[in-house]
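One file, structure14.txt, is given below (compact mmCIF, C-alpha atoms).
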```
# COMPACT_ATOMS: atom_id res chain seq x y z
CA MET A 27 -1.71 22.68 3.49
CA SER A 28 -1.53 19.73 5.84
CA HIS A 29 0.82 19.93 8.84
CA LEU A 30 0.96 16.14 9.02
CA LEU A 31 4.23 14.37 8.30
CA PHE A 32 4.80 12.97 4.84
CA ASP A 33 8.25 11.72 3.90
CA PHE A 34 9.19 9.61 0.87
CA THR A 35 12.81 8.44 0.53
CA VAL A 36 14.44 6.19 -2.05
CA ASP A 37 17.63 4.37 -1.05
CA LYS A 38 19.23 2.78 -4.10
CA SER A 39 22.02 1.23 -2.02
CA THR A 40 19.47 -1.05 -0.31
CA ASN A 41 16.86 -1.20 -3.13
CA SER A 42 14.39 0.26 -0.66
CA VAL A 43 11.72 2.94 -0.42
CA PHE A 44 10.82 4.45 2.96
CA ILE A 45 7.49 6.23 3.45
CA HIS A 46 6.35 7.92 6.65
CA ARG A 47 2.85 9.39 6.67
CA GLU A 48 0.71 10.76 9.48
CA PHE A 49 -3.08 10.70 9.54
CA ASN A 50 -5.43 12.68 11.78
CA ALA A 51 -7.26 9.52 12.91
CA GLU A 52 -7.10 6.81 15.55
CA GLN A 53 -4.71 3.93 14.96
CA SER A 54 -7.46 1.30 14.87
CA LEU A 55 -9.25 3.15 12.04
CA VAL A 56 -6.07 3.61 10.00
CA TRP A 57 -5.21 -0.08 10.57
CA ASP A 58 -8.66 -1.08 9.26
CA ALA A 59 -8.20 1.13 6.19
CA PHE A 60 -5.05 -0.84 5.31
CA THR A 61 -6.34 -4.31 6.22
CA LYS A 62 -10.03 -4.55 5.28
CA GLN A 63 -11.03 -5.20 1.68
CA GLU A 64 -14.11 -2.96 1.67
CA LEU A 65 -12.00 -0.02 2.87
CA LEU A 66 -8.90 -0.73 0.75
CA ASP A 67 -10.98 -0.71 -2.41
CA GLN A 68 -12.14 2.82 -1.59
CA TRP A 69 -8.64 4.33 -1.70
CA TRP A 70 -5.85 1.93 -2.82
CA ALA A 71 -5.56 3.44 -6.31
CA PRO A 72 -4.72 6.94 -7.53
CA LYS A 73 -7.78 8.64 -9.01
CA PRO A 74 -9.23 8.21 -11.58
CA TRP A 75 -8.11 4.57 -11.25
CA LEU A 76 -10.05 2.17 -9.03
CA SER A 77 -8.96 -0.73 -6.83
CA LYS A 78 -10.94 -3.93 -7.37
CA THR A 79 -10.23 -6.85 -5.01
CA LYS A 80 -11.06 -10.29 -6.37
CA PHE A 81 -10.37 -11.91 -2.98
CA MET A 82 -8.61 -11.08 0.26
CA GLU A 83 -7.76 -13.15 3.30
CA PHE A 84 -5.92 -11.00 5.85
CA LYS A 85 -4.05 -13.62 7.86
CA VAL A 86 -0.50 -14.96 7.89
CA GLY A 87 -0.24 -17.06 4.73
CA GLY A 88 -3.33 -15.37 3.29
CA ARG A 89 -3.36 -13.08 0.31
CA ARG A 90 -5.09 -10.30 -1.55
CA PHE A 91 -5.52 -10.53 -5.32
CA TYR A 92 -6.63 -7.25 -6.82
CA ALA A 93 -6.53 -5.06 -9.89
CA MET A 94 -5.97 -1.40 -10.42
CA VAL A 95 -8.54 -0.53 -13.07
CA SER A 96 -8.06 2.40 -15.44
CA PRO A 97 -10.97 4.67 -16.43
CA GLU A 98 -10.99 2.76 -19.75
CA GLY A 99 -11.36 -0.56 -17.93
CA GLN A 100 -7.76 -1.77 -18.34
CA GLU A 101 -6.78 -4.02 -15.41
CA HIS A 102 -3.32 -4.24 -13.81
CA TRP A 103 -3.30 -7.17 -11.37
CA ALA A 104 -1.18 -7.72 -8.26
CA ILE A 105 -0.84 -10.30 -5.49
CA GLN A 106 -0.10 -9.44 -1.88
CA LYS A 107 0.86 -12.38 0.36
CA TYR A 108 0.74 -11.67 4.09
CA THR A 109 3.85 -12.98 5.86
CA SER A 110 3.52 -11.47 9.36
CA ILE A 111 0.72 -9.76 11.31
CA SER A 112 0.87 -8.10 14.74
CA PRO A 113 -2.70 -6.75 15.03
CA LYS A 114 -3.07 -2.95 15.00
CA ASN A 115 0.75 -2.44 15.01
CA ASN A 116 2.50 -4.12 12.10
CA PHE A 117 2.04 -6.34 9.08
CA LYS A 118 4.34 -7.52 6.35
CA MET A 119 3.57 -8.73 2.88
CA PHE A 120 5.20 -9.82 -0.33
CA ASN A 121 3.85 -7.89 -3.32
CA ALA A 122 4.15 -8.85 -6.98
CA PHE A 123 2.49 -7.80 -10.20
CA ALA A 124 0.49 -10.62 -11.77
CA ASP A 125 -1.66 -11.56 -14.72
CA LYS A 126 -5.43 -11.97 -14.48
CA ASP A 127 -4.95 -15.69 -13.71
CA GLU A 128 -2.87 -14.92 -10.59
CA ASN A 129 0.50 -15.85 -12.09
CA PRO A 130 3.05 -13.56 -10.40
CA GLN A 131 5.58 -11.53 -12.37
CA LEU A 132 8.73 -11.90 -10.32
CA PRO A 133 10.78 -10.36 -8.83
CA GLY A 134 8.50 -8.70 -6.31
CA SER A 135 8.96 -6.57 -3.23
CA ASP A 136 8.64 -6.99 0.53
CA TRP A 137 6.46 -4.39 2.30
CA ASP A 138 6.61 -3.70 6.03
CA PHE A 139 3.87 -1.49 7.57
CA THR A 140 4.20 -0.14 11.12
CA PHE A 141 1.42 1.82 12.84
CA SER A 142 1.78 4.04 15.93
CA GLU A 143 -0.46 6.69 17.50
CA GLN A 144 0.32 9.77 19.54
CA ASN A 145 -2.28 12.35 20.59
CA GLY A 146 -4.84 11.08 18.06
CA ILE A 147 -2.37 11.23 15.15
CA THR A 148 -1.47 7.89 13.60
CA LYS A 149 1.88 7.46 11.91
CA VAL A 150 2.26 4.78 9.26
CA SER A 151 5.83 3.83 8.38
CA ILE A 152 6.22 1.74 5.25
CA THR A 153 9.42 0.10 4.08
CA ILE A 154 9.41 -1.44 0.60
CA HIS A 155 12.41 -3.62 -0.15
CA ASN A 156 12.79 -4.70 -3.76
CA ASP A 157 14.52 -7.89 -4.82
CA SER A 158 16.56 -5.91 -7.33
CA LEU A 159 17.58 -2.36 -8.12
CA GLU A 160 16.06 -2.85 -11.58
CA ARG A 161 12.64 -3.63 -10.11
CA MET A 162 12.79 -0.63 -7.80
CA GLU A 163 13.79 1.68 -10.64
CA LYS A 164 10.95 0.31 -12.79
CA MET A 165 8.51 0.94 -9.93
CA ILE A 166 9.76 4.53 -9.59
CA GLU A 167 9.67 5.09 -13.37
CA MET A 168 6.04 3.90 -13.46
CA GLY A 169 5.17 6.90 -11.26
CA PHE A 170 4.98 5.08 -7.94
CA LYS A 171 5.86 8.14 -5.85
CA GLN A 172 3.22 10.34 -7.47
CA GLY A 173 0.59 7.60 -7.52
CA PHE A 174 1.15 6.42 -3.94
CA THR A 175 1.30 10.01 -2.67
CA ALA A 176 -2.06 10.73 -4.32
CA THR A 177 -3.48 7.50 -2.90
CA LEU A 178 -2.37 8.31 0.66
CA ASN A 179 -3.75 11.84 0.30
CA TYR A 180 -7.07 10.36 -0.78
CA LEU A 181 -7.06 8.09 2.29
CA GLU A 182 -6.55 11.19 4.48
CA GLU A 183 -9.67 12.76 2.92
CA LEU A 184 -11.65 9.54 3.34
CA LEU A 185 -10.80 8.76 6.99
CA PRO A 186 -13.20 11.30 8.61
CA ASN A 187 -16.08 9.60 6.73
CA LEU A 188 -15.24 6.03 7.80
```

Write out the structure in this file as structure tokens.
Amino acid sequence: MSHLLFDFTVDKSTNSVFIHREFNAEQSLVWDAFTKQELLDQWWAPKPWLSKTKFMEFKVGGRRFYAMVSPEGQEHWAIQKYTSISPKNNFKMFNAFADKDENPQLPGSDWDFTFSEQNGITKVSITIHNDSLERMEKMIEMGFKQGFTATLNYLEELLPNL
């Protein structure tokens, strides 16, 4: 059992989800795992699903267009638009589901990622603010907590090999 922090809180009064997760890795490596396409595609989907990025431009105003692909080949597309980047410490993005032609399904959600390191342990704090309570509840109903928990656990296993 891991001794590293993992906390997942849903706050319906603010339509927000708060995730705090520690990784036994240097901050620069964890940052790269969240911001580089070739690394994201190795872990940004709960197994047995896969992450497949069609394109990614990690810069303010840039975006990532990717699909979560089921074992049967079914694709669920999403767009992430980067709105703020403070290298190695923080980035923010707007996230929305989309169709295969990159048409977003609104409303979406605003994600805020903060990275900090202490004694070789990197803490990632993620705040996800949804435009509506309905969207947040749909996200939770779709198994977001279980899926994202599994995804972050997979990243923890992957980090020593990066």

* Pick out the residues sitting within 10 Å of A:Ser112, and hand them over as a ChimeraX atom specification; count only C-alpha atoms, and ignore anything fewer than 3 positions along from it in its own chain. => /A:86,115-118,140

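For the pair atom CA of A:Leu185 and atom CA of A:Asp33, the interatomic distance is 19.5 Å.
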
Within 9 Å of stretch 155-178 of chain A, which residues of stretch 49-132 of chain A show up? Give each one with its shortest atom-to-atom distance in Å (one decimal) and the two atoms involved, counting only C-alpha atoms, rows by chain then rising residue number, as JSON lines.
```
{"residue": "A:Trp69", "atom": "CA", "partner": "A:Thr177", "partner_atom": "CA", "distance": 6.2}
{"residue": "A:Trp70", "atom": "CA", "partner": "A:Thr177", "partner_atom": "CA", "distance": 6.1}
{"residue": "A:Ala71", "atom": "CA", "partner": "A:Thr177", "partner_atom": "CA", "distance": 5.7}
{"residue": "A:Pro72", "atom": "CA", "partner": "A:Thr177", "partner_atom": "CA", "distance": 4.8}
{"residue": "A:Lys73", "atom": "CA", "partner": "A:Thr177", "partner_atom": "CA", "distance": 7.6}
{"residue": "A:Leu132", "atom": "CA", "partner": "A:Asp157", "partner_atom": "CA", "distance": 8.9}
```

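Atom CA of A:Lys107 lies 6.5 Å from atom CA of A:Asn121.
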
* Surrounding residues of A:Phe44 excluding itself and chain neighbours under 5 positions, 12 Å, all atoms listed in the file, as a list in words -> Phe32, Asp33, Phe34, Thr35, Val36, Asp37, Lys38, Asp136, Trp137, Asp138, Phe139, Thr140, Val150, Ser151, Ile152, Thr153, Ile154, His155, Asn156 and Lys171 of chain A

Dig up all the protein and nucleic acid residues within 7 Å of (2.3, -11.7, -1.6) in the file frame, using all atoms listed in the file, and format them as a PDB file with C-alpha atoms, in the frame of the given file.
```
ATOM      1  CA  ARG A  89      -3.360 -13.080   0.310  1.00  0.00           C
ATOM      2  CA  ILE A 105      -0.840 -10.300  -5.490  1.00  0.00           C
ATOM      3  CA  GLN A 106      -0.100  -9.440  -1.880  1.00  0.00           C
ATOM      4  CA  LYS A 107       0.860 -12.380   0.360  1.00  0.00           C
ATOM      5  CA  TYR A 108       0.740 -11.670   4.090  1.00  0.00           C
ATOM      6  CA  MET A 119       3.570  -8.730   2.880  1.00  0.00           C
ATOM      7  CA  PHE A 120       5.200  -9.820  -0.330  1.00  0.00           C
ATOM      8  CA  ASN A 121       3.850  -7.890  -3.320  1.00  0.00           C
ATOM      9  CA  ALA A 122       4.150  -8.850  -6.980  1.00  0.00           C
TER      10      ALA A 122
END
```

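The space between atom CA of A:Ser77 and atom CA of A:Ala93 spans 5.8 Å.
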
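Closest approach to A:Tyr180 among A:Ala59, A:Thr148, A:Leu31, A:Phe141: A:Ala59, based on all atoms listed in the file.
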
Where is the centre and how long are the edges: axis-aligned box on stretch 35-48 of chain A, 4 Å on each side, Å to one decimal, as AutoDock Vina command-line options:
```
--center_x 11.4 --center_y 4.8 --center_z 2.7 --size_x 29.3 --size_y 20.0 --size_z 21.6
```

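Distances here use only C-alpha atoms; by that measure, the residue among A:Lys149, A:Lys62, A:Lys114, A:Lys78 closest to A:Phe49 is A:Lys149.
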
* Counting all atoms listed in the file, what is within 9 Å of A:Ile147, bar same-chain residues fewer than 4 positions away, as a PyMOL selection string? -> chain A and resi 30+48-53+142-143

What are the nearest atom pairs, with distances in Å to one decimal, for all residues of stretch 35-100 of chain A that come at most 12 Å from stretch 123-131 of chain A, using all atoms listed in the file, set out by chain and rising residue number as a tab-separated table?
```
residue	atom	partner	partner_atom	distance
A:Thr79	CA	A:Lys126	CA	11.8
A:Lys80	CA	A:Lys126	CA	10.0
A:Phe81	CA	A:Glu128	CA	11.1
A:Arg89	CA	A:Glu128	CA	11.1
A:Arg90	CA	A:Glu128	CA	10.4
A:Phe91	CA	A:Glu128	CA	7.4
A:Tyr92	CA	A:Lys126	CA	9.1
A:Ala93	CA	A:Lys126	CA	8.4
A:Met94	CA	A:Phe123	CA	10.6
A:Val95	CA	A:Lys126	CA	11.9
A:Gln100	CA	A:Lys126	CA	11.2
```
